Structure formats: structure tokens, C-alpha cells
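Trainee: Quick one: this structure, given as C-alpha cells, is what I'll be asking you about.
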Amino acid sequence: MTDLEIDFVCSLVKKVKPSATIAVSMKAAELKRAGKDVIGLGAGEPDFDTPDHIKAAAIAAINAGQTKYTAVDGTPELKQAVINKFHRENGLDFAANQILVSCGAKHSISNLLNAVLNPDDEVIIPAPYWVSYPDMVLLAGGVSVIVDTTQEQDFKMTAMQLENAISDKSRIIILNTPSNPTGKAYRKSELQALGEVLLKYPHVMIASDDIYEHIYWGEEEITNLGVLFPELIDRMVFINGVSKAYAMTGWRIGYAAGPVDVITAMRKIQSQSTSNACSISQAAAVAALDGDQSCLQPMKKAFKERHDWLISALNTISGFSCIEGEGAFYAFPNVKAAIMKIDGIHNDVEFSTWLLEKAQVAVVPGTPFGMPGHVRLSFATSLHNLQKAVKRIADSVNKFF
């Protein structure tokens, strides 16, 4: 034997950061188990129960013996439900071989990046972004090209910024609207401007991450680039799932729709990794997509009410500045002024830790979202919890002003 230490972890994985949102949720849960009265505003998970008719479909599937492997890309019933959804809600038509069901929308995005990226291909990502995008790009061998936005521009990338970011190595752009972490959604005019740029660069694909599509209350009807520019459809992949809208995060069902060759490549990758998504969850997802959609409205109404209260309340805290969103269930305040006032606190990561220790409120720092000086608060919890959390934060911060 030799005294030489052997490192079995590959160098690429060492560059990947653990999910910040999951880390915060785990820390909050750990403190709660230790008896601490922690209010967790970190998790991006609806606090509602899965609707009864969806749970009933899963139970019926179990009783019917639907507990075996399915096709890698999903059951025929679920793929048809996805096709129906795109036609009914988005005016987009797909065939069965253009649909892939995966273990969550995150899985679908990972499949896509691994299917289309060659080494050092560039992926354009507007910041702030969902924390997992850059690390998934890294694992797929690509390079993230981050486009910084500001609160003054509603955290949305402009057409000029997009044009400046595109190069010969650009392979794909990821657009998430409504956004995690900001709740902002691109208006029709803004998407039209982006689409005009993308028409000039046929080598650039578009990933449309629409997971918060149903949690939207903007004045305009929500739309996407595929509807506005049918000529872009052949290089678009639409990512969605049932987790957020139907309160089905634990069921792990996401789906993708796009060009046959890309979906085929994604299916090949999935066949050698996870194979099919859970058969019972797929049966439940059929009921979600094809069943009564009235269950969506009460949840969206509650999120909107919480949003309206929270944004107003956050702006009363000294050193906080927060703009309104049009969807999702997050607030993303600028807290730079608060950080500057607190002795020993130099950045949003330290500030988030300080809030957890002093106020016993768990939030996610903005740095992992590509936006230092901010924090993300999830309002996927009761108004009572939000009121308690804001009071604790205000009591802890305001004394420094």
C-alpha cells in the first residue's frame, strides 16, 4: 500500500456549487428539528396540498397495477395530455415524438443541455437567474455567458444586451418568465424585440422555461417567443411541469417539447440515466393537465394577495428596496443599504446568515442567483408566517438606522 492520497472526485464536479435554495431549506429544517422557531422563506415550493382529484388518480393507478416501467419518454396518456395542454393553452401543436416526460422540469433542462452542448459552447443566461442554470451548463461541458440586468430595468434583458452577448460559439439562450427569483415577466413588446434579434442568428437555440406560467397575474396575457415568432419554433424547446402550478413538487414530473432530433437526443440521454419518470406520478399528471383546472385559481389568488402585502411590507424596512413582480412566488429586494449599516456584515451571504441567527428567518442570498446585494424570499407560505417574518426582519434591521 502507498501513503499517496487518491482523490476520486472529478475536477468538473468540484467546480459545481450545491444548490443554494436547497441548502437554505435544509439548514432551516435542521434548526427547526433542534427546537428553533425558524420561519423558512427559502423553499420554492407551494404550501398547498395537491388537489384531491390528482391524488385520486394516483391511488386509482396503484390499484390498477400501474406500477411497472413505462416508456422512457412517458406514457402515451401523459404525452397526449401534454400535447393537449400546449394546443389548448399556448396555441402550439406537437406530435408525440416531440414530447419527453422527465423527473421534473430541472431534469428536462439538464437533458436538453447535455443533448445540445459541445465542449465550450456558450449558453446565454440573463441574471438574476435560477441558481441551477450555470452549474447545469458546467456539467454539460458548456460555458455560461451571463447578461447582467438591474432593478431599474425590471431585471429583464434588453434586445441590445442579447445582441451583444451572441457570438459564434453561442448555442442556446435560456429564458425564464415569470422569473425565479424576481417574479418579473417579459411583456409582449419585450419578447418581440428579443425575437427580432434571434431571427438573425439561426445557430442559437431557445430554451423557454415556463414552469411558473400558471402563477401569473400581469395585466397583459402571458405569451412566449414561439407564439410570437412561429419561424423560431424549429429551434425552441419548451420546458414545463406540474410542480409549481398544481402543488406537485414531490411527484417529480416535468416535460419538454421541441424539435424531433433534439427530443430524440434528450430521450437517449434519459434512457441511460433515469429511464422513465415514476409511473404513478405520470398518472397523476394526466389528471392534473387534462382534469378540472379550477384548482389553479385559488392558489394563484392567494399568491397574488401575499405578493401585494409582502412587497409593500418589505419596502417599509430600512435599507430594503423591492419592486413588484407579475408572477411566481418570490420577492427579490435590494438590501445593499441594510448590509452597509450592520457591523461585521459585508455581503448578502453574510446578511442571510445574520438574519437566520438574529431574526430566525431563512432567506436565500442573491449571489447564487447572479445578483449580489439582494435576497430572495419565498411567499409560498401563509400570510401569518409572512407577517411574523417581516416583523422579525424589521425589528432586527431597523435598529441600525
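Scheme for the C-alpha cells: letters A, B, ... for chains in order shown; per-chain residue numbers from 1; ligand numbers from 1 in order shown.
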From segment 126-252 of chain A, collect each residue whose DSSP state is helix (DSSP H, G or I) and return the set as a PyMOL selection string.
Mentor: chain A and resi 132-139+151-153+159-165+188-199+225-228+230-235+249-251
Trainee: With C-alpha atoms retained, export the selected residues as a PDB file, in the first residue's frame.
Mentor:
ATOM      1  CA  SER A 132     -29.029  25.792 -11.091  1.00  0.00           C
ATOM      2  CA  TYR A 133     -28.645  27.086 -14.655  1.00  0.00           C
ATOM      3  CA  PRO A 134     -24.882  27.854 -14.647  1.00  0.00           C
ATOM      4  CA  ASP A 135     -23.928  24.661 -12.845  1.00  0.00           C
ATOM      5  CA  MET A 136     -26.013  22.518 -15.186  1.00  0.00           C
ATOM      6  CA  VAL A 137     -24.266  24.235 -18.109  1.00  0.00           C
ATOM      7  CA  LEU A 138     -20.907  23.492 -16.498  1.00  0.00           C
ATOM      8  CA  LEU A 139     -21.752  19.810 -16.030  1.00  0.00           C
ATOM      9  CA  GLN A 151     -33.708  46.560 -10.809  1.00  0.00           C
ATOM     10  CA  GLU A 152     -34.149  49.752 -12.857  1.00  0.00           C
ATOM     11  CA  GLN A 153     -34.753  47.634 -15.984  1.00  0.00           C
ATOM     12  CA  ALA A 159     -32.568  43.277 -27.109  1.00  0.00           C
ATOM     13  CA  MET A 160     -29.292  45.208 -27.262  1.00  0.00           C
ATOM     14  CA  GLN A 161     -27.850  43.190 -24.382  1.00  0.00           C
ATOM     15  CA  LEU A 162     -28.858  39.963 -26.111  1.00  0.00           C
ATOM     16  CA  GLU A 163     -27.265  41.044 -29.389  1.00  0.00           C
ATOM     17  CA  ASN A 164     -24.037  41.959 -27.618  1.00  0.00           C
ATOM     18  CA  ALA A 165     -23.932  38.574 -25.864  1.00  0.00           C
ATOM     19  CA  LYS A 188     -45.106  41.014 -25.434  1.00  0.00           C
ATOM     20  CA  SER A 189     -43.175  44.022 -26.762  1.00  0.00           C
ATOM     21  CA  GLU A 190     -40.035  42.930 -24.920  1.00  0.00           C
ATOM     22  CA  LEU A 191     -40.253  39.400 -26.308  1.00  0.00           C
ATOM     23  CA  GLN A 192     -40.832  40.780 -29.790  1.00  0.00           C
ATOM     24  CA  ALA A 193     -37.625  42.804 -29.511  1.00  0.00           C
ATOM     25  CA  LEU A 194     -35.676  39.738 -28.362  1.00  0.00           C
ATOM     26  CA  GLY A 195     -37.219  37.638 -31.119  1.00  0.00           C
ATOM     27  CA  GLU A 196     -36.156  40.101 -33.798  1.00  0.00           C
ATOM     28  CA  VAL A 197     -32.562  39.670 -32.625  1.00  0.00           C
ATOM     29  CA  LEU A 198     -32.773  35.879 -32.505  1.00  0.00           C
ATOM     30  CA  LEU A 199     -34.136  35.723 -36.055  1.00  0.00           C
ATOM     31  CA  LEU A 225     -41.440  33.583 -28.345  1.00  0.00           C
ATOM     32  CA  GLY A 226     -42.866  30.519 -30.076  1.00  0.00           C
ATOM     33  CA  VAL A 227     -46.302  32.097 -30.322  1.00  0.00           C
ATOM     34  CA  LEU A 228     -44.940  35.454 -31.479  1.00  0.00           C
ATOM     35  CA  PRO A 230     -43.535  30.698 -35.485  1.00  0.00           C
ATOM     36  CA  GLU A 231     -40.319  30.760 -37.538  1.00  0.00           C
ATOM     37  CA  LEU A 232     -38.363  30.199 -34.307  1.00  0.00           C
ATOM     38  CA  ILE A 233     -40.279  27.041 -33.333  1.00  0.00           C
ATOM     39  CA  ASP A 234     -37.818  24.721 -35.080  1.00  0.00           C
ATOM     40  CA  ARG A 235     -35.086  25.800 -32.668  1.00  0.00           C
ATOM     41  CA  THR A 249     -43.245  19.291  -6.251  1.00  0.00           C
ATOM     42  CA  GLY A 250     -42.677  15.848  -4.736  1.00  0.00           C
ATOM     43  CA  TRP A 251     -44.289  13.991  -7.622  1.00  0.00           C
TER      44      TRP A 251
END
Trainee: Skipping near chain neighbours, those fewer than 2 positions away, what residues fall within 12 Å of segment 6-19 of chain A using only C-alpha atoms, listed as a PyMOL selection string?
Mentor: chain A and resi 1-4+21-26+42-43+130-142+364-365+367-369
Trainee: Output N, CA and C atoms for every residue in that selection, as a PDB file, in the first residue's frame.
Mentor:
ATOM      1  N   MET A   1       0.833  -1.205   0.000  1.00  0.00           N
ATOM      2  CA  MET A   1       0.000   0.000   0.000  1.00  0.00           C
ATOM      3  C   MET A   1       0.865   1.252   0.000  1.00  0.00           C
ATOM      4  N   THR A   2       0.322   2.341  -0.510  1.00  0.00           N
ATOM      5  CA  THR A   2       1.058   3.588  -0.563  1.00  0.00           C
ATOM      6  C   THR A   2       0.371   4.634   0.301  1.00  0.00           C
ATOM      7  N   ASP A   3       1.144   5.605   0.769  1.00  0.00           N
ATOM      8  CA  ASP A   3       0.576   6.685   1.568  1.00  0.00           C
ATOM      9  C   ASP A   3      -0.055   7.767   0.704  1.00  0.00           C
ATOM     10  N   LEU A   4       0.046   7.600  -0.633  1.00  0.00           N
ATOM     11  CA  LEU A   4      -0.493   8.594  -1.554  1.00  0.00           C
ATOM     12  C   LEU A   4      -2.015   8.670  -1.413  1.00  0.00           C
ATOM     13  N   THR A  21     -30.683  27.189  -2.750  1.00  0.00           N
ATOM     14  CA  THR A  21     -32.051  27.157  -2.230  1.00  0.00           C
ATOM     15  C   THR A  21     -32.281  25.899  -1.394  1.00  0.00           C
ATOM     16  N   ILE A  22     -31.756  24.769  -1.871  1.00  0.00           N
ATOM     17  CA  ILE A  22     -31.891  23.522  -1.112  1.00  0.00           C
ATOM     18  C   ILE A  22     -31.099  23.604   0.183  1.00  0.00           C
ATOM     19  N   ALA A  23     -29.900  24.201   0.115  1.00  0.00           N
ATOM     20  CA  ALA A  23     -29.058  24.330   1.303  1.00  0.00           C
ATOM     21  C   ALA A  23     -29.742  25.149   2.382  1.00  0.00           C
ATOM     22  N   VAL A  24     -30.388  26.263   1.985  1.00  0.00           N
ATOM     23  CA  VAL A  24     -31.081  27.102   2.962  1.00  0.00           C
ATOM     24  C   VAL A  24     -32.259  26.345   3.570  1.00  0.00           C
ATOM     25  N   SER A  25     -32.995  25.641   2.755  1.00  0.00           N
ATOM     26  CA  SER A  25     -34.147  24.890   3.260  1.00  0.00           C
ATOM     27  C   SER A  25     -33.714  23.800   4.232  1.00  0.00           C
ATOM     28  N   MET A  26     -32.603  23.143   3.914  1.00  0.00           N
ATOM     29  CA  MET A  26     -32.094  22.092   4.798  1.00  0.00           C
ATOM     30  C   MET A  26     -31.630  22.675   6.126  1.00  0.00           C
ATOM     31  N   GLY A  42     -37.198  30.125   2.256  1.00  0.00           N
ATOM     32  CA  GLY A  42     -36.207  29.756   1.257  1.00  0.00           C
ATOM     33  C   GLY A  42     -36.738  28.863   0.153  1.00  0.00           C
ATOM     34  N   ALA A  43     -37.636  27.959   0.482  1.00  0.00           N
ATOM     35  CA  ALA A  43     -38.050  26.934  -0.479  1.00  0.00           C
ATOM     36  C   ALA A  43     -38.996  27.477  -1.537  1.00  0.00           C
ATOM     37  N   TRP A 130     -32.176  31.471 -12.183  1.00  0.00           N
ATOM     38  CA  TRP A 130     -32.368  30.361 -11.262  1.00  0.00           C
ATOM     39  C   TRP A 130     -31.004  29.751 -10.958  1.00  0.00           C
ATOM     40  N   VAL A 131     -30.762  29.449  -9.692  1.00  0.00           N
ATOM     41  CA  VAL A 131     -29.421  29.099  -9.235  1.00  0.00           C
ATOM     42  C   VAL A 131     -28.785  27.922  -9.974  1.00  0.00           C
ATOM     43  N   SER A 132     -29.585  27.016 -10.508  1.00  0.00           N
ATOM     44  CA  SER A 132     -29.029  25.792 -11.091  1.00  0.00           C
ATOM     45  C   SER A 132     -28.554  25.930 -12.537  1.00  0.00           C
ATOM     46  N   TYR A 133     -29.002  26.975 -13.240  1.00  0.00           N
ATOM     47  CA  TYR A 133     -28.645  27.086 -14.655  1.00  0.00           C
ATOM     48  C   TYR A 133     -27.132  27.009 -14.908  1.00  0.00           C
ATOM     49  N   PRO A 134     -26.312  27.876 -14.305  1.00  0.00           N
ATOM     50  CA  PRO A 134     -24.882  27.854 -14.647  1.00  0.00           C
ATOM     51  C   PRO A 134     -24.192  26.534 -14.315  1.00  0.00           C
ATOM     52  N   ASP A 135     -24.575  25.916 -13.205  1.00  0.00           N
ATOM     53  CA  ASP A 135     -23.928  24.661 -12.845  1.00  0.00           C
ATOM     54  C   ASP A 135     -24.357  23.517 -13.750  1.00  0.00           C
ATOM     55  N   MET A 136     -25.590  23.529 -14.221  1.00  0.00           N
ATOM     56  CA  MET A 136     -26.013  22.518 -15.186  1.00  0.00           C
ATOM     57  C   MET A 136     -25.278  22.701 -16.515  1.00  0.00           C
ATOM     58  N   VAL A 137     -25.052  23.953 -16.900  1.00  0.00           N
ATOM     59  CA  VAL A 137     -24.266  24.235 -18.109  1.00  0.00           C
ATOM     60  C   VAL A 137     -22.852  23.705 -17.941  1.00  0.00           C
ATOM     61  N   LEU A 138     -22.265  23.960 -16.777  1.00  0.00           N
ATOM     62  CA  LEU A 138     -20.907  23.492 -16.498  1.00  0.00           C
ATOM     63  C   LEU A 138     -20.814  21.974 -16.599  1.00  0.00           C
ATOM     64  N   LEU A 139     -21.756  21.278 -15.992  1.00  0.00           N
ATOM     65  CA  LEU A 139     -21.752  19.810 -16.030  1.00  0.00           C
ATOM     66  C   LEU A 139     -21.920  19.270 -17.438  1.00  0.00           C
ATOM     67  N   ALA A 140     -22.588  20.035 -18.294  1.00  0.00           N
ATOM     68  CA  ALA A 140     -22.793  19.609 -19.677  1.00  0.00           C
ATOM     69  C   ALA A 140     -21.620  20.002 -20.587  1.00  0.00           C
ATOM     70  N   GLY A 141     -20.598  20.633 -20.006  1.00  0.00           N
ATOM     71  CA  GLY A 141     -19.419  20.989 -20.791  1.00  0.00           C
ATOM     72  C   GLY A 141     -19.491  22.345 -21.449  1.00  0.00           C
ATOM     73  N   GLY A 142     -20.525  23.116 -21.140  1.00  0.00           N
ATOM     74  CA  GLY A 142     -20.680  24.423 -21.766  1.00  0.00           C
ATOM     75  C   GLY A 142     -20.112  25.553 -20.933  1.00  0.00           C
ATOM     76  N   VAL A 364     -32.766  33.327   1.018  1.00  0.00           N
ATOM     77  CA  VAL A 364     -31.658  32.882   0.164  1.00  0.00           C
ATOM     78  C   VAL A 364     -30.888  34.102  -0.314  1.00  0.00           C
ATOM     79  N   PRO A 365     -29.567  34.115  -0.169  1.00  0.00           N
ATOM     80  CA  PRO A 365     -28.786  35.258  -0.662  1.00  0.00           C
ATOM     81  C   PRO A 365     -28.882  35.396  -2.168  1.00  0.00           C
ATOM     82  N   THR A 367     -26.449  36.291  -4.284  1.00  0.00           N
ATOM     83  CA  THR A 367     -25.237  35.938  -5.037  1.00  0.00           C
ATOM     84  C   THR A 367     -25.391  34.667  -5.856  1.00  0.00           C
ATOM     85  N   PRO A 368     -25.951  33.582  -5.314  1.00  0.00           N
ATOM     86  CA  PRO A 368     -26.118  32.378  -6.141  1.00  0.00           C
ATOM     87  C   PRO A 368     -27.059  32.568  -7.328  1.00  0.00           C
ATOM     88  N   PHE A 369     -27.870  33.625  -7.296  1.00  0.00           N
ATOM     89  CA  PHE A 369     -28.735  33.947  -8.423  1.00  0.00           C
ATOM     90  C   PHE A 369     -28.056  34.902  -9.404  1.00  0.00           C
TER      91      PHE A 369
END
Trainee: Could you give me, as a PyMOL selection string, the residues within 7 Å of Tyr216 of chain A, counting only C-alpha atoms and dropping anything in the same chain fewer than 5 positions from it?
Mentor: chain A and resi 326-328
Trainee: Quick one: write out the picked residues with N, CA, C and O atoms as a tab-separated table (two decimals), in the first residue's frame?
Mentor:
chain	number	residue	atom	x	y	z
A	326	GLU	N	-44.86	39.99	-11.43
A	326	GLU	CA	-46.12	39.66	-12.11
A	326	GLU	C	-46.46	38.18	-11.99
A	326	GLU	O	-47.44	37.73	-12.56
A	327	GLY	N	-45.65	37.44	-11.25
A	327	GLY	CA	-45.93	36.02	-11.15
A	327	GLY	C	-44.92	35.31	-10.25
A	327	GLY	O	-44.13	35.95	-9.55
A	328	ALA	N	-44.98	33.96	-10.27
A	328	ALA	CA	-44.19	33.10	-9.39
A	328	ALA	C	-44.54	33.42	-7.94
A	328	ALA	O	-45.59	33.98	-7.64
Trainee: Could you check the closest approach to Glu221 of chain A for each of A:Ala287, A:Ala185, A:Ala247, A:Cys295 and tell me which residue wins, using only C-alpha atoms?
Mentor: A:Ala185
Trainee: Using only C-alpha atoms, determine which residues lie at most 8 Å from segment 388-392 of chain A, disregarding the query and same-chain residues fewer than 4 positions distant; provide the list as a compact mmCIF listing (two decimals) with C-alpha atoms, in the first residue's frame.
Mentor:
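New file result.txt:
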# COMPACT_ATOMS: atom_id res chain seq x y z
CA ILE A 39 -39.60 30.78 9.62
CA ALA A 313 -44.18 45.49 3.83
CA LEU A 314 -40.59 44.92 2.67
CA ALA A 359 -34.26 37.01 13.34
CA GLN A 360 -34.63 33.26 12.84
CA VAL A 361 -35.87 33.88 9.30
CA HIS A 384 -49.45 34.83 9.05
CA SER A 396 -33.51 43.21 13.63
Trainee: For each of A:Thr75, A:Ser167, A:Ser102, A:Thr353, take the minimum atom-to-atom distance to Asp121 of chain A, counting only C-alpha atoms, then give the residue where this is smallest.
Mentor: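 Smallest separation from Asp121 of chain A among the options: A:Ser167.
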Trainee: Choose the residue, out of A:Gly344, A:Gly291, A:Gly44, A:Gly254, that has the smallest atom-to-atom separation from Ile109 of chain A; count only C-alpha atoms.
Mentor: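 Residue with the minimum atom-to-atom distance to Ile109 of chain A: A:Gly254.
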Trainee: Could you check how far atom CA of Arg267 of chain A sits from atom CA of Asn111 of chain A, in Å to one decimal?
Mentor: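 One can read the atom CA of Arg267 of chain A to atom CA of Asn111 of chain A distance as 7.9 Å.
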Trainee: Check the smallest atom-to-atom distance from each of A:Asp395, A:Glu213, A:Asp261, A:Glu305 to Gly183 of chain A using only C-alpha atoms, then report the winner.
Mentor: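 Nearest to Gly183 of chain A: A:Glu213.
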Trainee: May I ask for the distance between atom CA of Asp148 of chain A and atom CA of Asp209 of chain A, given in Å to one decimal place?
Mentor: 18.5 Å
Trainee: Restricting the calculation to only C-alpha atoms, which member of A:Thr67, A:Glu5, A:Ser312, A:Gln387 is positioned closest to Ser281 of chain A?
Mentor: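 Among the listed residues, the smallest separation from Ser281 of chain A belongs to A:Thr67.
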Trainee: Rank A:Met371, A:Cys322, A:Ala61, A:Leu289 by their smallest atom-to-atom distance to Asn84 of chain A, using only C-alpha atoms, and report the top residue only.
Mentor: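 Looking at the shortest contact to Asn84 of chain A, the residue is A:Leu289.
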Trainee: Can you pull out every residue within 12 Å of Asn315 of chain A, counting only C-alpha atoms, but drop anything in the same chain fewer than 4 positions away, and send it as JSON, numbers by chain?
Mentor: {"A": [308, 309, 310, 311, 319, 320, 321, 322, 323, 324, 331, 332, 333, 334, 335, 338, 390, 393, 394, 398]}
Trainee: Could you jot down the atom CA of Asn114 of chain A to atom CA of Ala245 of chain A separation for me, Å, one decimal place?
Mentor: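 Rounded to one decimal, the two atoms are 26.5 Å apart.
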